[in-house]
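Participant: Quick one: the structure is below, and I'll ask about it shortly.
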Amino acid sequence: MGCNDGQKLRFCIDRGGTFTDVYAEIPHQSEGRVMKLLSVDPANYDDAPVEGIRRILEEFTGKQIPQTAKLPTENIEWVRMGTTVATNALLERKGERIALCVTRGFRDLLEIGSQARPNIFDLTASKPSLLYEEVVEIDERVELVLDGEGDRSSTAVEGVSGELIRVVKPLDVKALRISLKDVLDKGISCLAVVLMHSYTYPQHEILVEEVAKTVGFRHVSLSSALTPMVRAVPRGLTACVDAYLTPVIKEYLRGFISKFDERLHKLNVLFMQSDGGLAPENRFSGHKAVLSGPAGGVVGYSQTLFGVETDKPLIGFDMGGTSTDVSRYAGTYDHVIETEISGAIIQAPQLEINTVAAGGGSKLKFQFGAFRVGPESVGAHPGPVCYRKGGELSVTDANLILGYIIPDYFPSIFGPNEDQGLDVEATRNEFEKLANEINIHRRSKDASAQNMTVEEIAQGFIDVANETMCRPIRQLTEMKGHETMNHALACFGGAGPQHACAIARSLGMKEVFIHKFCGILSAYGMGLASVVEVEQEPFSAVYSPQSISDVYDREAAMLNRVIQKLSQQGFNEENVRTETFLNLRYEGTDTAIMVKRPVDQNGSRGDYAVEFGRLFQQEYGFNFQSRNILICDVRVRGIGVTSILTPEAIESAYTEPRITDHYNVHFGNGWHETPLFKLKDLAYGHLIPGPAIIMNGNSTVIVEPGCEATITKYGNIKIEIKTIHSTVTVAKDVADVVQLSIFNHRFMGIAEQMGRTLQRTSISTNIKERLDFSCALFGPDSGLVANAPHVPVHLGAMSSTVKWQLIFWGENLNEGDVFVTNHPCAGGSHLPDITVITPVFDKGKLVFFVASRGHHAEIGGITPGSMPPFSKHIWEEGAAIKAFKLVERGVFQGADIIRFLSFPSSERSTAKIPGTRRLGDNLSDLRAQIIANQRGISLITELIQQYDLETVQSYMKHVQANAEDAVREMLKSVAATVSSDSAIVDGDLVIIEEEDYMDDGSIIHLKLSIDKSKGEAIFDFSGTSSEVYGNWNAPEAVTAAAVIYCLRCLVNVDIPLNQGCLAPVTIRIPPGSLLSPSDTAAVVGGNVLTSQRITDVILTAFQACACSQGCMNNLTFGDNSFGYYETIAGGSGAGPTWDGTSGVQCHMTNTRMTDPEIFEQRYPVVLRRFGLREGSGGSGVHRGGDGIIREIKFKRSVIVSILSERRVHAPRGIKGGNDGARGANYLITADNRSIYLGGKNTVEVQAGDVLQILTPGGGGWGQV
């Protein structure tokens, strides 16, 4: 791949988890040497990269090099390597033992994190394990000095960002030294440090490092040095990752380098970082190494294909054994500042690579009448069935059955002696067993159903796997405002070329590129990368001529430093290019964009603000016209351009392509005798129509019928997709088990893409950043088809909203109409949740509905924020809309909606109720909801064009029936195993009664009757208290959401969330009760408080787990100039096999907490303490999770409101487990008086007052 005219070898190495790939450029040879080794093979060698270099050196020199000898470097020009050493250590939790140093009051900050749970349907609420073992709380405190705080100069100093800070408590060095020695005595010698506001005032962290080094710590990671950006949680987690991984990496690198002779210092050895740049060994650290291997692949395809083989933007598709990595390249690398890997948040520039748990090793299952692929993997051991190790069926097995994998060309490394090929017979036997199970199920649904063959079943699983992998590609492109079909697919990795044509066709792409080194592209990419040095500093200012002048001064100093670092590595000025970036956001939002400095046509500096506006418009679909732009960070990137690998053109074709052999391959409609070609035998210009197989070393490239492959000038494979999205015909009356899974994905994908559109185009923090919204798709009868799982309290609740509008408008439904509603009696939850509904027509016929529900932070009412603690009537809570055409026949009814929102009124209200205080945000978010619905309509129309209306609506019903079957099976299973002191068994009927109390004494009573033969249940809430004279009444939609949430948790399988979940269920709610109040009742607390109690009662009845904190702990504060709202986590309930989780959002909410530094930066507060409330979880065989202690000191007078529960009645334990601790709310005044506020209160606090909130713990499980 380009002739090496030097005299020395160049090595590119990717040390992966399973295989190590080596590419070596040999002097005076046009073709490089490729080698693939097992990464771990202790019987044959100690280290795979060293062994690969040794073997190739032997070939090149003709001299034997013993494994025990040091490698001679005289014939090596350079070595570049990517490694998964860091990734594997993180995934397997095999890093260094570390301790965490943190500001006193925040010892649990990183454990709490954002307080959101990773999987909303996981009753264990489990979070990834912590990386640190010990915590040292440091006596020190730095506070920001905000505008308007009186004398800002006497004791304040300017931080790195330009913000003023005050050192309230200097660091206690003596106490620190004692604490660190105690940690050292426990055998921990590595430290991560994160102190409040160290991003702008790093002096205290630097002092900690000095003390730690003097007492004997061998490695210290400072958050301020690694990632000097505001937000303590991701900065601290990054420091932990670095401290945990860097010693492991350094140890490996020392071992690697020690294998070379004494002339190593003359050798150029570089390592790939997560941002796609290379770094020398002494600058290669843990937090920059976790995407080392995948980054090589991105560099590989981007530098060899874009602008060389195509001008289209590229989608990178790297399909491996356990997962698939998806990326995008359109001339520049897409970087993200923050990502999460194995539960660890890393805040550092990294290539944007999305990973989906679908690969060659993904498990194949038939569950509840549908095909399912992954997310579980069969792993490398035992692996797929065909690996001869007693494994389970996987995607690899399906490809083998279909002929996509040719055993004759697969290494014979299996069996007890590792000398046998793939086991086709065992794979077919396992598929035949599965076919028997599938065909029995199909005949139970349709006696005339024809048996599916093994090949049809294998093809079905491949189709489902392909659809699974299409979803993240759509997300990556469309989330950024790009059309997926306008891209070309760059496919590599071991399994990717077998799926490339099908993936491209599904996405509407017309071109696929498969690199000639697709099997080792990550290794080859190492040779195409440049050395990169990056510096970043915080910068807090409003974008203006003065601030941008200061930015240029800062940039110049930073550029000098990175250029100097590159110069020290031997780069001349002509080989160095630089890039500068500003991290910008609009005032009042958290959506920052890292903007590269634009250059105008004359080569001079362009305007960052103009470029920011362009990028914001592209990504989010709108722009703010009159808001300030804030500068958050300055970043510079120095790039040392190295002597890289260069492509070389291959010979042109003068003869027809030579066919090596023929094999039978199954392509959907049957077996095809398919020619096999070897890429090494093909020349530039060869055309190969599908179907065809092209063997590229060990990689199998499948060219499907209707596609045509061309060999390019540089020896790569270009495949043109000749047929795109032809109409597909499938069974309609009885669900095809394959199409059932595909339609599940497609329907859910529509809801998810609506959600991404809403997030992109909305303005408010609640929707754009806190993600307090839901989007769904409904049938023409208002039955839920798919509801993307955004907020649990919205699940299934919108169906009654759509049904109410369908009945109300009747025949007055027209194309171009859009309805808006938020009233509880019309299927709403509480007034801030506004639902926008759009009917979908096909040829004049109503065929679907789409709807989006978003929490609007302000819709009027007696208090700012529209969540008054003491509201008694619905009109006190803001604008209430039962039914209104927001858009009528395509015309936006702006004047009328403004009147609704600005002048809420009621004939029964004597007082004038204030209207919305943020009308502009309301209108913008309503428009965003309309746009999201329109996106859903476009996708439905596309689906109808592909399949036809009858088929789509048939599968709408089939997916609902599929969910119904899953819930019925779950109910049968639960009824057969449930044991409760209160359970009554009457034949097939199991009856359980449970109740719990709200803090005012009102009762939520449930009589649960399960028919274990039919798999049906009745949720009868008779006996529940009457409507209350308060605001914790819950509309019926809230109870329905709680029921569907609990059922989904109990099923514990990724079934679609649709109307079928409720088909086997009857919900009886007494009219006029707390759960079915009158249309004038106040309800704002029902959505956030009562919903949690309903959930606890249901799960207790099922004996699923103990009660969780049972509250959302809603806190608001503000004045006429600002408002703030948050919900606070607590303890989750323990279960039969798990302890409850501490400091986590439970059940019906999963919103995030504002980072402590952002909290103090934007509001007149100091967060004195934010940690776990130790011992608040109920004891038992399994303990309940602990609640949280949150203490907020106010800097000036504001109005504070708290709306909370479980302050009187504790979260109950189960099976003899003890109750969790009740919550409590206190006001500690500036003169140190402690005042108990109760569960619901509004108070005006003064400067110096402290609000202390103690959230409840979870109940315990089992008597000790």
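Just so we're on the same page: first chain in the structure tokens is A, next is B, and so on; residues restart at 1 for each chain, and ligands are numbered from 1 in the order they show up.
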Just want the 8 Å neighbourhood of region 11-13 of chain A, counted on only C-alpha atoms, with same-chain residues fewer than 5 positions away dropped. Output as a list in words.
Facilitator: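 Final neighbour list, sorted by chain and number: Thr20, Asp21, Val22, Tyr23, Ala24, Glu25, Pro49, Ile53, Ile76, Trp78, Val79, Arg80, Met81, Gly82, Ala523, Tyr524, Gly525, Met526 and Gly527 of chain A.
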Participant: Output N, CA and C atoms for every residue in that selection, as a CSV table (one decimal), in the first residue's frame.
Facilitator:
chain,number,residue,atom,x,y,z
A,20,THR,N,-4.5,-9.5,17.8
A,20,THR,CA,-3.6,-8.4,17.6
A,20,THR,C,-3.3,-8.4,16.1
A,21,ASP,N,-3.5,-7.3,15.5
A,21,ASP,CA,-3.3,-7.1,14.0
A,21,ASP,C,-2.0,-6.3,13.8
A,22,VAL,N,-1.1,-6.8,12.9
A,22,VAL,CA,0.1,-6.2,12.6
A,22,VAL,C,0.2,-5.9,11.1
A,23,TYR,N,0.5,-4.6,10.8
A,23,TYR,CA,0.8,-4.3,9.4
A,23,TYR,C,2.2,-3.7,9.4
A,24,ALA,N,3.0,-4.2,8.5
A,24,ALA,CA,4.4,-3.7,8.4
A,24,ALA,C,4.7,-3.3,7.0
A,25,GLU,N,5.2,-2.1,6.8
A,25,GLU,CA,5.7,-1.6,5.5
A,25,GLU,C,7.1,-2.1,5.3
A,49,PRO,N,2.2,-8.0,20.3
A,49,PRO,CA,2.8,-7.0,19.5
A,49,PRO,C,4.3,-7.3,19.3
A,53,ILE,N,6.3,-8.2,15.8
A,53,ILE,CA,7.5,-7.5,15.3
A,53,ILE,C,8.7,-8.5,15.1
A,76,ILE,N,14.3,-0.9,12.2
A,76,ILE,CA,13.0,-0.4,12.5
A,76,ILE,C,13.0,1.2,12.4
A,78,TRP,N,9.9,3.1,12.7
A,78,TRP,CA,9.0,3.5,13.7
A,78,TRP,C,8.0,2.4,14.0
A,79,VAL,N,7.4,2.5,15.2
A,79,VAL,CA,6.3,1.6,15.7
A,79,VAL,C,5.1,2.5,16.1
A,80,ARG,N,4.0,2.2,15.6
A,80,ARG,CA,2.7,2.9,16.1
A,80,ARG,C,1.7,1.9,16.5
A,81,MET,N,1.1,2.1,17.7
A,81,MET,CA,0.3,1.1,18.3
A,81,MET,C,-0.9,1.6,18.9
A,82,GLY,N,-2.0,1.0,18.7
A,82,GLY,CA,-3.2,1.2,19.5
A,82,GLY,C,-3.5,0.0,20.4
A,523,ALA,N,-5.4,-1.2,12.7
A,523,ALA,CA,-3.9,-1.2,12.7
A,523,ALA,C,-3.4,-0.3,11.6
A,524,TYR,N,-3.9,-0.5,10.4
A,524,TYR,CA,-3.4,0.3,9.3
A,524,TYR,C,-3.6,1.8,9.5
A,525,GLY,N,-4.7,2.2,10.2
A,525,GLY,CA,-5.0,3.6,10.6
A,525,GLY,C,-3.9,4.2,11.4
A,526,MET,N,-3.2,3.4,12.2
A,526,MET,CA,-2.1,3.9,13.0
A,526,MET,C,-1.1,4.6,12.2
A,527,GLY,N,-0.8,4.1,11.0
A,527,GLY,CA,0.2,4.6,10.1
A,527,GLY,C,-0.3,5.8,9.3
Participant: Any idea what's packed within 8 Å of Ala1221 (chain A), counting only C-alpha atoms, ignoring anything in its chain fewer than 2 positions away? Could you give it as a PyMOL selection string?
Facilitator: chain A and resi 1176-1178+1210-1211+1219+1223+1256-1258
Participant: Do you have, as JSON lines, the list of residues of region 206-273 of chain A lying at most 10 Å from region 348-366 of chain A, each with its nearest atom pair and that distance in Å to one decimal, counting only C-alpha atoms and ordered by chain then number?
Facilitator:
{"residue": "A:Leu226", "atom": "CA", "partner": "A:Ala348", "partner_atom": "CA", "distance": 7.9}
{"residue": "A:Thr227", "atom": "CA", "partner": "A:Ala348", "partner_atom": "CA", "distance": 6.3}
{"residue": "A:Pro228", "atom": "CA", "partner": "A:Ala348", "partner_atom": "CA", "distance": 9.6}
{"residue": "A:Met229", "atom": "CA", "partner": "A:Ala348", "partner_atom": "CA", "distance": 9.5}
{"residue": "A:Pro234", "atom": "CA", "partner": "A:Ala348", "partner_atom": "CA", "distance": 9.6}
{"residue": "A:Arg235", "atom": "CA", "partner": "A:Ala348", "partner_atom": "CA", "distance": 9.0}
{"residue": "A:Thr238", "atom": "CA", "partner": "A:Ala348", "partner_atom": "CA", "distance": 7.9}
{"residue": "A:Gln273", "atom": "CA", "partner": "A:Gln350", "partner_atom": "CA", "distance": 8.2}
Participant: Report as a PyMOL selection string all protein, DNA and RNA residues lying within 8 Å of Thr83 (chain A), evaluated on only C-alpha atoms, omitting residues in the same chain fewer than 4 positions from it.
Facilitator: chain A and resi 14-16+272+289+292-293
Participant: The selected residues should be written to file as a PDB file, in the first residue's frame (atoms: C-alpha atoms).
Facilitator:
ATOM      1  CA  ASP A  14      -3.670  -2.807  16.935  1.00  0.00           C
ATOM      2  CA  ARG A  15      -3.655  -4.902  20.094  1.00  0.00           C
ATOM      3  CA  GLY A  16      -7.321  -5.846  20.405  1.00  0.00           C
ATOM      4  CA  MET A 272      -2.935   6.051  19.436  1.00  0.00           C
ATOM      5  CA  ALA A 289      -6.541   5.604  25.857  1.00  0.00           C
ATOM      6  CA  SER A 292      -7.315   3.726  21.212  1.00  0.00           C
ATOM      7  CA  GLY A 293      -8.171   0.796  18.904  1.00  0.00           C
TER       8      GLY A 293
END
Participant: Could you tell me how far CA of Thr1229 (chain A) sits from CA of Ser1142 (chain A), in Å to one decimal place?
Facilitator: 28.7 Å
Participant: For His482 (chain A), find every residue with an atom within 10 Å (counting only C-alpha atoms), except residues of its own chain fewer than 5 positions away, and show them as a list in words.
Facilitator: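 My reading of the contact set: Pro313, Arg474, Gln475, Leu476, Thr477, His487, Gln618 and Glu619 of chain A.
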Participant: Write the residues of the selection above to a file with N, CA, C and O atoms, as a tab-separated table (two decimals), in the first residue's frame.
Facilitator:
chain	number	residue	atom	x	y	z
A	313	PRO	N	-19.99	12.18	2.44
A	313	PRO	CA	-19.65	11.92	3.83
A	313	PRO	C	-19.79	10.43	4.12
A	313	PRO	O	-20.62	9.74	3.51
A	474	ARG	N	-28.80	5.75	12.18
A	474	ARG	CA	-29.79	6.83	12.01
A	474	ARG	C	-29.62	7.89	13.10
A	474	ARG	O	-29.72	9.09	12.85
A	475	GLN	N	-29.37	7.43	14.32
A	475	GLN	CA	-29.21	8.36	15.43
A	475	GLN	C	-28.01	9.27	15.21
A	475	GLN	O	-28.08	10.48	15.41
A	476	LEU	N	-26.88	8.70	14.81
A	476	LEU	CA	-25.65	9.47	14.64
A	476	LEU	C	-25.80	10.54	13.58
A	476	LEU	O	-25.31	11.66	13.73
A	477	THR	N	-26.51	10.23	12.50
A	477	THR	CA	-26.65	11.20	11.41
A	477	THR	C	-27.78	12.19	11.66
A	477	THR	O	-27.57	13.40	11.61
A	487	HIS	N	-25.13	9.55	2.69
A	487	HIS	CA	-23.80	9.09	3.06
A	487	HIS	C	-23.43	7.82	2.29
A	487	HIS	O	-24.29	7.15	1.71
A	618	GLN	N	-27.90	24.11	12.14
A	618	GLN	CA	-27.83	22.81	11.47
A	618	GLN	C	-28.23	21.68	12.40
A	618	GLN	O	-28.95	20.77	12.01
A	619	GLU	N	-27.74	21.74	13.65
A	619	GLU	CA	-27.97	20.63	14.57
A	619	GLU	C	-29.34	20.67	15.21
A	619	GLU	O	-29.96	19.64	15.44
Participant: So which bits of region 253-295 of chain A end up strand (DSSP E or B) when you DSSP the backbone, as a list in words?
Facilitator: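 Restricting region 253-295 of chain A to strand (DSSP E or B) produces Phe260, Asn268, Val269, Leu270, Phe271, Met272, Leu278, Ala279 and Pro280 of chain A.
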Participant: If we count only C-alpha atoms, what is near region 783-798 of chain A at a cut-off of 7 Å, once residues fewer than 6 positions away on the same chain are taken out, given as an NGL selection string?
Facilitator: :A and (747-748 or 751-752 or 772-777 or 827 or 956 or 960 or 1037-1038 or 1040-1042 or 1044-1045 or 1056-1059 or 1148-1150)
Participant: Find the residues near Glu456 (chain A): any atom within 9 Å, counting only C-alpha atoms, skip ones fewer than 6 places away on the same chain, and give them as a PyMOL selection string.
Facilitator: chain A and resi 402+666+668-670
Participant: Restricted to C-alpha atoms, what would the selected residues look like written as a tab-separated table (two decimals), in the first residue's frame?
Facilitator:
chain	number	residue	atom	x	y	z
A	402	LEU	CA	-26.51	-19.01	5.02
A	666	HIS	CA	-28.80	-18.26	0.67
A	668	GLY	CA	-33.64	-14.48	1.08
A	669	ASN	CA	-35.51	-16.08	-1.79
A	670	GLY	CA	-33.43	-19.26	-1.84
Participant: Name the closest residue to Leu90 (chain A) among the candidates A:Gly685, A:Pro657, A:Gly286, A:Pro170; distances are taken between atoms, counting only C-alpha atoms.
Facilitator: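 When distances to Leu90 (chain A) are compared using only C-alpha atoms, the smallest one comes from A:Gly286.
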Participant: So that I can see what lies close to Glu511 (chain A), please list as a PyMOL selection string the residues with an atom at most 9 Å from it, counting only C-alpha atoms and leaving out residues fewer than 6 positions away in the same chain.
Facilitator: chain A and resi 487-490+501+504+718-721
Participant: Pick the closest to Gly588 (chain A) from A:Val424, A:Ile473, A:Ile763, A:Ile702: which is it, counting only C-alpha atoms?
Facilitator: A:Ile763
Participant: Give me, please, the distance in Å between CA of Lys169 (chain A) and CA of Ile206 (chain A), quoted to one decimal.
Facilitator: 15.9 Å
Participant: Let's see if you can do this: from backbone DSSP, list all alpha helix (DSSP H) residues in region 699-846 of chain A, as a VMD selection string.
Facilitator: chain A and resid 737 to 761 765 to 768 798 to 809
Participant: Counting only C-alpha atoms, which of A:Lys288, A:Arg231, A:Arg635, A:Lys174 gets nearest to Leu207 (chain A)?
Facilitator: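 Among the listed residues, the smallest separation from Leu207 (chain A) belongs to A:Lys174.
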Participant: Here is a test: counting only C-alpha atoms, which residue of A:Leu831, A:Ala1106, A:Ile249, A:Ala1230 is nearest to Gly1260 (chain A)?
Facilitator: A:Ala1106
Participant: Just to confirm, what's the straight-line distance from CA of Gly690 (chain A) to CA of Ala500 (chain A) in Å (one decimal)?
Facilitator: 13.0 Å
Participant: Rank A:Val299, A:Leu245, A:Val634, A:Ile874 by their smallest atom-to-atom distance to Pro1077 (chain A), using only C-alpha atoms, and report the top residue only.
Facilitator: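 Selected residue with least distance to Pro1077 (chain A): A:Ile874.
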